[in-house]
Amino acid sequence: MNSELYYTIALTRMTGFNFQTALHLYRTLGGGQAVYEHRNDIKDVMPECSDRLATSLKDWTLPLTRAAQEMEFITKHRITPLLLDSENYPQRLSECPDAPILLYYMGSANLNQRRVINIIGTRHCTTYGKDLIRRFVSDLKHLCPEVLIVSGLAYGIDICAHRNALENGYDTVGVLAHGLDEIYPSAHRETAKKMLTQGGLLTEYMTETRADKLNFVKRNRIVAGMSDATILVESAAKGGGLITSRIAMDYNRSVFAFPGAVGAPYSEGCNLLIRDNGASLITNAEDFVNAMGWQGDIQLQQAQTRGIERSIFPELSDEEQKIARILDEFGDFQLNQLSVKTNIPIGKLTALLFQMEMKGVVRPLAGGTYHLLK
């Protein structure tokens, strides 16, 4: 049995505190099992721990029983659990201050693809919104052949984004507000099945979790956090799409919105977001690609298709070449993760990354993460 997974699942079930508290415990003590081992002396190792939390951490009986049941379900249904510090956990999301300590995943997509975007909006999308998505995804495929498209599998914009991604050969991942023992809404079950072989389904929730309204709001931070950019297609003046957009802004991610006609109820949110400088205005895929600096993606794919071996930045030293190749292959990495991957000490790695930044090869992002510039 994977004991760390066992205790981490149980930690997510402990009552009396929220996901951010679980994350703080997990990161401070170094894992779910460590929290369990310190359940009776938690205030000795975490003096800031409240009396209420310390008391709630003493009895793990029911959470551990539930964790054992969940592990049986995971094994039976071939679900991949992703612990916060695992290599396959969405690295962009791990930078966020309220990242889930555990995710449950079914699918085939690489959650750390070089390009990840989310397409979101109202559940009441119009013909205008559907046409925008159809043209955007189709044109984006020609400009950027390898993009992971994320959304929430909900009615309206979400399901339209997933279906157009599938039609254009993109991987697409649905982030759920409930466990993997059901599909909500059930009308999207067939699309969800297709996504398992061309994308996937992702959630922080255990089985038997109801799709409550609050869960959808919490789910939005995963959609925003695992993406490079958020694209709002249609939204009323209030709605989940605006919540996701604001979360993305807080994470220092790029946010874009399509404008709509003045007075159109499901374009009002987009227009207001653009007016208030919360989102950059785009009218097509080319606008988006230019804003993100992704113009060279199609040329790179063509070169790889022709079998041309790409020599990354030949003016770099051997160690700088190694860093560049790692970032090119696996995407953005935090400094400590990059140190492990390259086997270069953090002190030396920091100096090398500074030199590469001066050469215009890498760019530092929020949370101590580094991005390879193309």
# chains A, B, ... in the order shown; residues from 1 in each chain; ligands from 1
>>> residues_around(residues="segment 80-91 of chain A", least_positions_apart="5", cutoff="7 Å", atoms="only C-alpha atoms", output="list in words")
Ile101, Leu102, Leu103, Tyr104, Tyr105, Met106, Leu111, Asn112, Met226 and Phe333 of chain A
>>> write_last_selection(atoms="N, CA, C and O atoms", output="mmCIF file, in the first residue's frame")
data_model
loop_
_atom_site.group_PDB
_atom_site.id
_atom_site.type_symbol
_atom_site.label_atom_id
_atom_site.label_comp_id
_atom_site.auth_asym_id
_atom_site.auth_seq_id
_atom_site.Cartn_x
_atom_site.Cartn_y
_atom_site.Cartn_z
ATOM 1 N N ILE A 101 -3.803 19.387 -2.474
ATOM 2 C CA ILE A 101 -2.674 18.511 -2.146
ATOM 3 C C ILE A 101 -2.775 17.183 -2.881
ATOM 4 O O ILE A 101 -1.815 16.419 -2.943
ATOM 5 N N LEU A 102 -3.947 16.920 -3.468
ATOM 6 C CA LEU A 102 -4.160 15.657 -4.174
ATOM 7 C C LEU A 102 -5.202 15.849 -5.261
ATOM 8 O O LEU A 102 -6.217 16.508 -5.053
ATOM 9 N N LEU A 103 -4.918 15.284 -6.428
ATOM 10 C CA LEU A 103 -5.872 15.279 -7.536
ATOM 11 C C LEU A 103 -6.095 13.843 -7.987
ATOM 12 O O LEU A 103 -5.208 12.989 -7.863
ATOM 13 N N TYR A 104 -7.282 13.593 -8.531
ATOM 14 C CA TYR A 104 -7.617 12.283 -9.094
ATOM 15 C C TYR A 104 -7.787 12.468 -10.596
ATOM 16 O O TYR A 104 -8.514 13.361 -11.043
ATOM 17 N N TYR A 105 -7.120 11.604 -11.371
ATOM 18 C CA TYR A 105 -7.070 11.823 -12.817
ATOM 19 C C TYR A 105 -7.331 10.540 -13.582
ATOM 20 O O TYR A 105 -6.795 9.478 -13.261
ATOM 21 N N MET A 106 -8.169 10.657 -14.606
ATOM 22 C CA MET A 106 -8.368 9.585 -15.580
ATOM 23 C C MET A 106 -8.156 10.199 -16.959
ATOM 24 O O MET A 106 -8.783 11.209 -17.290
ATOM 25 N N LEU A 111 -0.629 16.626 -18.496
ATOM 26 C CA LEU A 111 -1.145 17.825 -17.841
ATOM 27 C C LEU A 111 -0.107 18.938 -17.772
ATOM 28 O O LEU A 111 -0.416 20.054 -17.337
ATOM 29 N N ASN A 112 1.112 18.624 -18.192
ATOM 30 C CA ASN A 112 2.194 19.616 -18.219
ATOM 31 C C ASN A 112 2.670 19.884 -19.646
ATOM 32 O O ASN A 112 3.862 20.085 -19.886
ATOM 33 N N MET A 226 -3.999 25.672 -13.627
ATOM 34 C CA MET A 226 -3.226 24.737 -14.444
ATOM 35 C C MET A 226 -2.997 25.251 -15.862
ATOM 36 O O MET A 226 -2.388 24.561 -16.677
ATOM 37 N N PHE A 333 9.177 25.037 -14.962
ATOM 38 C CA PHE A 333 9.568 24.377 -13.714
ATOM 39 C C PHE A 333 9.886 25.417 -12.653
ATOM 40 O O PHE A 333 10.412 26.487 -12.954
#
>>> residues_around(residues="segment 138-153 of chain A", least_positions_apart="2", cutoff="8 Å", atoms="only C-alpha atoms", output="JSON, numbers by chain")
{"A": [109, 111, 113, 114, 115, 116, 117, 118, 119, 120, 134, 135, 136, 155, 158, 159, 161, 162, 164, 165, 168, 170, 171, 172, 173, 174, 175, 176, 184, 185, 188, 192, 199, 223, 227, 285, 286, 289, 294, 295, 297, 298, 301]}
>>> atom_distance(atom1="atom CA of Asn215 of chain A", atom2="atom CA of Ala177 of chain A")
5.2 Å
>>> select_by_dssp(residues="segment 214-267 of chain A", states="alpha helix (DSSP H)", output="list in words")
Leu214, Asn215, Phe216, Val217, Lys218, Arg219, Asn220, Arg221, Ile222, Val223, Ala224, Gly225, Gly240, Gly241, Leu242, Ile243, Thr244, Ser245, Arg246, Ile247, Ala248, Met249 and Asp250 of chain A
>>> closest_atom_pairs(of="segment 187-235 of chain A", to="segment 64-67 of chain A", cutoff="12 Å", atoms="only C-alpha atoms", output="CSV")
residue,atom,partner,partner_atom,distance
A:Met206,CA,A:Ala67,CA,9.2
A:Thr207,CA,A:Arg66,CA,10.0
A:Glu208,CA,A:Arg66,CA,10.8
>>> write_last_selection(atoms="N, CA and C atoms", output="PDB file, in the first residue's frame")
ATOM      1  N   MET A 206     -13.234  13.362  -3.828  1.00  0.00           N
ATOM      2  CA  MET A 206     -13.362  11.923  -3.702  1.00  0.00           C
ATOM      3  C   MET A 206     -14.707  11.463  -4.247  1.00  0.00           C
ATOM      4  N   THR A 207     -14.862  10.170  -4.368  1.00  0.00           N
ATOM      5  CA  THR A 207     -16.148   9.610  -4.772  1.00  0.00           C
ATOM      6  C   THR A 207     -17.207   9.968  -3.727  1.00  0.00           C
ATOM      7  N   GLU A 208     -18.463   9.889  -4.168  1.00  0.00           N
ATOM      8  CA  GLU A 208     -19.614  10.199  -3.316  1.00  0.00           C
ATOM      9  C   GLU A 208     -19.664  11.659  -2.891  1.00  0.00           C
TER      10      GLU A 208
END
>>> select_by_dssp(residues="segment 41-129 of chain A", states="strand (DSSP E)", output="list in words")
Thr80, Pro81, Leu82, Leu83, Leu102, Leu103, Tyr104, Tyr105, Met106, Gly107, Val116, Ile117, Asn118, Ile119 and Ile120 of chain A
>>> residues_around(residues="Pro97 of chain A", least_positions_apart="3", cutoff="9 Å", atoms="only C-alpha atoms", output="MDAnalysis selection string")
chainID A and resid 20 23 93:94 251
>>> closest_residue(among="A:Ala261, A:Leu352, A:Val35, A:Ile133", to="Leu232 of chain A", atoms="only C-alpha atoms")
A:Ile133
>>> closest_residue(among="A:Asp59, A:Glu329, A:Ser339, A:Thr28", to="Met46 of chain A", atoms="only C-alpha atoms")
A:Thr28
>>> atom_distance(atom1="atom CA of Ile74 of chain A", atom2="atom CA of Glu4 of chain A")
14.7 Å
>>> residues_around(residues="Arg39 of chain A", least_positions_apart="4", cutoff="10 Å", atoms="only C-alpha atoms", output="JSON, numbers by chain")
{"A": [33, 34, 35, 43, 54, 55, 56, 57, 58, 59, 60]}
>>> residues_around(residues="Tyr205 of chain A", least_positions_apart="3", cutoff="7 Å", atoms="only C-alpha atoms", output="list in words")
His178, Gly179 and Thr209 of chain A
>>> decode(residues="segment 265-279 of chain A", atoms="all heavy atoms", output="PDB file, in the first residue's frame")
ATOM      1  N   PRO A 265     -26.994  40.334 -23.287  1.00  0.00           N
ATOM      2  CA  PRO A 265     -26.877  39.893 -21.886  1.00  0.00           C
ATOM      3  C   PRO A 265     -25.699  38.963 -21.623  1.00  0.00           C
ATOM      4  O   PRO A 265     -25.087  39.032 -20.556  1.00  0.00           O
ATOM      5  CB  PRO A 265     -28.216  39.207 -21.611  1.00  0.00           C
ATOM      6  CG  PRO A 265     -28.801  38.907 -22.954  1.00  0.00           C
ATOM      7  CD  PRO A 265     -28.307  39.989 -23.858  1.00  0.00           C
ATOM      8  N   TYR A 266     -25.348  38.115 -22.589  1.00  0.00           N
ATOM      9  CA  TYR A 266     -24.269  37.167 -22.351  1.00  0.00           C
ATOM     10  C   TYR A 266     -22.931  37.628 -22.922  1.00  0.00           C
ATOM     11  O   TYR A 266     -21.985  36.847 -23.026  1.00  0.00           O
ATOM     12  CB  TYR A 266     -24.658  35.783 -22.887  1.00  0.00           C
ATOM     13  CG  TYR A 266     -25.803  35.208 -22.111  1.00  0.00           C
ATOM     14  CD1 TYR A 266     -27.056  35.015 -22.688  1.00  0.00           C
ATOM     15  CD2 TYR A 266     -25.653  34.900 -20.763  1.00  0.00           C
ATOM     16  CE1 TYR A 266     -28.120  34.521 -21.945  1.00  0.00           C
ATOM     17  CE2 TYR A 266     -26.705  34.394 -20.011  1.00  0.00           C
ATOM     18  CZ  TYR A 266     -27.934  34.213 -20.611  1.00  0.00           C
ATOM     19  OH  TYR A 266     -28.980  33.732 -19.857  1.00  0.00           O
ATOM     20  N   SER A 267     -22.848  38.914 -23.264  1.00  0.00           N
ATOM     21  CA  SER A 267     -21.570  39.533 -23.579  1.00  0.00           C
ATOM     22  C   SER A 267     -21.234  40.626 -22.576  1.00  0.00           C
ATOM     23  O   SER A 267     -20.139  41.175 -22.591  1.00  0.00           O
ATOM     24  CB  SER A 267     -21.584  40.124 -24.994  1.00  0.00           C
ATOM     25  OG  SER A 267     -21.550  39.107 -25.973  1.00  0.00           O
ATOM     26  N   GLU A 268     -22.177  40.922 -21.694  1.00  0.00           N
ATOM     27  CA  GLU A 268     -21.988  42.027 -20.756  1.00  0.00           C
ATOM     28  C   GLU A 268     -20.774  41.804 -19.857  1.00  0.00           C
ATOM     29  O   GLU A 268     -19.982  42.719 -19.607  1.00  0.00           O
ATOM     30  CB  GLU A 268     -23.249  42.203 -19.904  1.00  0.00           C
ATOM     31  CG  GLU A 268     -23.226  43.463 -19.057  1.00  0.00           C
ATOM     32  CD  GLU A 268     -24.533  43.677 -18.309  1.00  0.00           C
ATOM     33  OE1 GLU A 268     -25.455  42.841 -18.474  1.00  0.00           O
ATOM     34  OE2 GLU A 268     -24.617  44.672 -17.566  1.00  0.00           O
ATOM     35  N   GLY A 269     -20.615  40.589 -19.358  1.00  0.00           N
ATOM     36  CA  GLY A 269     -19.486  40.293 -18.483  1.00  0.00           C
ATOM     37  C   GLY A 269     -18.155  40.464 -19.195  1.00  0.00           C
ATOM     38  O   GLY A 269     -17.200  41.015 -18.629  1.00  0.00           O
ATOM     39  N   CYS A 270     -18.069  39.978 -20.433  1.00  0.00           N
ATOM     40  CA  CYS A 270     -16.839  40.135 -21.223  1.00  0.00           C
ATOM     41  C   CYS A 270     -16.528  41.611 -21.458  1.00  0.00           C
ATOM     42  O   CYS A 270     -15.390  42.058 -21.289  1.00  0.00           O
ATOM     43  CB  CYS A 270     -16.981  39.414 -22.570  1.00  0.00           C
ATOM     44  SG  CYS A 270     -17.116  37.622 -22.462  1.00  0.00           S
ATOM     45  N   ASN A 271     -17.545  42.361 -21.865  1.00  0.00           N
ATOM     46  CA  ASN A 271     -17.334  43.779 -22.165  1.00  0.00           C
ATOM     47  C   ASN A 271     -16.877  44.553 -20.930  1.00  0.00           C
ATOM     48  O   ASN A 271     -15.989  45.409 -21.016  1.00  0.00           O
ATOM     49  CB  ASN A 271     -18.620  44.390 -22.733  1.00  0.00           C
ATOM     50  CG  ASN A 271     -18.955  43.856 -24.111  1.00  0.00           C
ATOM     51  OD1 ASN A 271     -18.113  43.292 -24.800  1.00  0.00           O
ATOM     52  ND2 ASN A 271     -20.204  44.029 -24.528  1.00  0.00           N
ATOM     53  N   LEU A 272     -17.469  44.246 -19.786  1.00  0.00           N
ATOM     54  CA  LEU A 272     -17.081  44.924 -18.556  1.00  0.00           C
ATOM     55  C   LEU A 272     -15.655  44.547 -18.145  1.00  0.00           C
ATOM     56  O   LEU A 272     -14.890  45.390 -17.674  1.00  0.00           O
ATOM     57  CB  LEU A 272     -18.060  44.568 -17.434  1.00  0.00           C
ATOM     58  CG  LEU A 272     -19.484  45.122 -17.574  1.00  0.00           C
ATOM     59  CD1 LEU A 272     -20.374  44.590 -16.458  1.00  0.00           C
ATOM     60  CD2 LEU A 272     -19.478  46.647 -17.569  1.00  0.00           C
ATOM     61  N   LEU A 273     -15.305  43.285 -18.318  1.00  0.00           N
ATOM     62  CA  LEU A 273     -13.958  42.831 -17.957  1.00  0.00           C
ATOM     63  C   LEU A 273     -12.913  43.521 -18.825  1.00  0.00           C
ATOM     64  O   LEU A 273     -11.851  43.940 -18.329  1.00  0.00           O
ATOM     65  CB  LEU A 273     -13.870  41.313 -18.105  1.00  0.00           C
ATOM     66  CG  LEU A 273     -12.702  40.615 -17.409  1.00  0.00           C
ATOM     67  CD1 LEU A 273     -12.797  40.771 -15.899  1.00  0.00           C
ATOM     68  CD2 LEU A 273     -12.681  39.125 -17.765  1.00  0.00           C
ATOM     69  N   ILE A 274     -13.206  43.649 -20.113  1.00  0.00           N
ATOM     70  CA  ILE A 274     -12.294  44.350 -21.025  1.00  0.00           C
ATOM     71  C   ILE A 274     -12.215  45.827 -20.650  1.00  0.00           C
ATOM     72  O   ILE A 274     -11.128  46.416 -20.585  1.00  0.00           O
ATOM     73  CB  ILE A 274     -12.754  44.178 -22.487  1.00  0.00           C
ATOM     74  CG1 ILE A 274     -12.636  42.705 -22.916  1.00  0.00           C
ATOM     75  CG2 ILE A 274     -11.942  45.068 -23.416  1.00  0.00           C
ATOM     76  CD1 ILE A 274     -13.353  42.391 -24.218  1.00  0.00           C
ATOM     77  N   ARG A 275     -13.372  46.439 -20.388  1.00  0.00           N
ATOM     78  CA  ARG A 275     -13.406  47.861 -20.036  1.00  0.00           C
ATOM     79  C   ARG A 275     -12.569  48.161 -18.794  1.00  0.00           C
ATOM     80  O   ARG A 275     -11.866  49.178 -18.723  1.00  0.00           O
ATOM     81  CB  ARG A 275     -14.858  48.291 -19.782  1.00  0.00           C
ATOM     82  CG  ARG A 275     -15.030  49.780 -19.481  1.00  0.00           C
ATOM     83  CD  ARG A 275     -16.357  50.050 -18.793  1.00  0.00           C
ATOM     84  NE  ARG A 275     -16.394  49.487 -17.442  1.00  0.00           N
ATOM     85  CZ  ARG A 275     -17.474  49.494 -16.675  1.00  0.00           C
ATOM     86  NH1 ARG A 275     -18.617  50.013 -17.118  1.00  0.00           N
ATOM     87  NH2 ARG A 275     -17.438  48.970 -15.451  1.00  0.00           N
ATOM     88  N   ASP A 276     -12.620  47.259 -17.821  1.00  0.00           N
ATOM     89  CA  ASP A 276     -11.931  47.475 -16.556  1.00  0.00           C
ATOM     90  C   ASP A 276     -10.497  46.942 -16.562  1.00  0.00           C
ATOM     91  O   ASP A 276      -9.873  46.811 -15.504  1.00  0.00           O
ATOM     92  CB  ASP A 276     -12.718  46.806 -15.424  1.00  0.00           C
ATOM     93  CG  ASP A 276     -14.098  47.437 -15.235  1.00  0.00           C
ATOM     94  OD1 ASP A 276     -14.277  48.606 -15.645  1.00  0.00           O
ATOM     95  OD2 ASP A 276     -14.986  46.759 -14.694  1.00  0.00           O
ATOM     96  N   ASN A 277      -9.987  46.613 -17.763  1.00  0.00           N
ATOM     97  CA  ASN A 277      -8.608  46.125 -17.930  1.00  0.00           C
ATOM     98  C   ASN A 277      -8.354  44.807 -17.204  1.00  0.00           C
ATOM     99  O   ASN A 277      -7.222  44.508 -16.831  1.00  0.00           O
ATOM    100  CB  ASN A 277      -7.590  47.179 -17.466  1.00  0.00           C
ATOM    101  CG  ASN A 277      -7.655  48.444 -18.285  1.00  0.00           C
ATOM    102  OD1 ASN A 277      -7.739  48.398 -19.509  1.00  0.00           O
ATOM    103  ND2 ASN A 277      -7.626  49.592 -17.620  1.00  0.00           N
ATOM    104  N   GLY A 278      -9.429  44.033 -17.017  1.00  0.00           N
ATOM    105  CA  GLY A 278      -9.249  42.714 -16.419  1.00  0.00           C
ATOM    106  C   GLY A 278      -8.901  41.654 -17.440  1.00  0.00           C
ATOM    107  O   GLY A 278      -8.424  40.581 -17.086  1.00  0.00           O
ATOM    108  N   ALA A 279      -9.156  41.967 -18.716  1.00  0.00           N
ATOM    109  CA  ALA A 279      -8.861  41.009 -19.783  1.00  0.00           C
ATOM    110  C   ALA A 279      -8.439  41.763 -21.030  1.00  0.00           C
ATOM    111  O   ALA A 279      -8.882  42.891 -21.272  1.00  0.00           O
ATOM    112  CB  ALA A 279     -10.081  40.143 -20.088  1.00  0.00           C
TER     113      ALA A 279
END
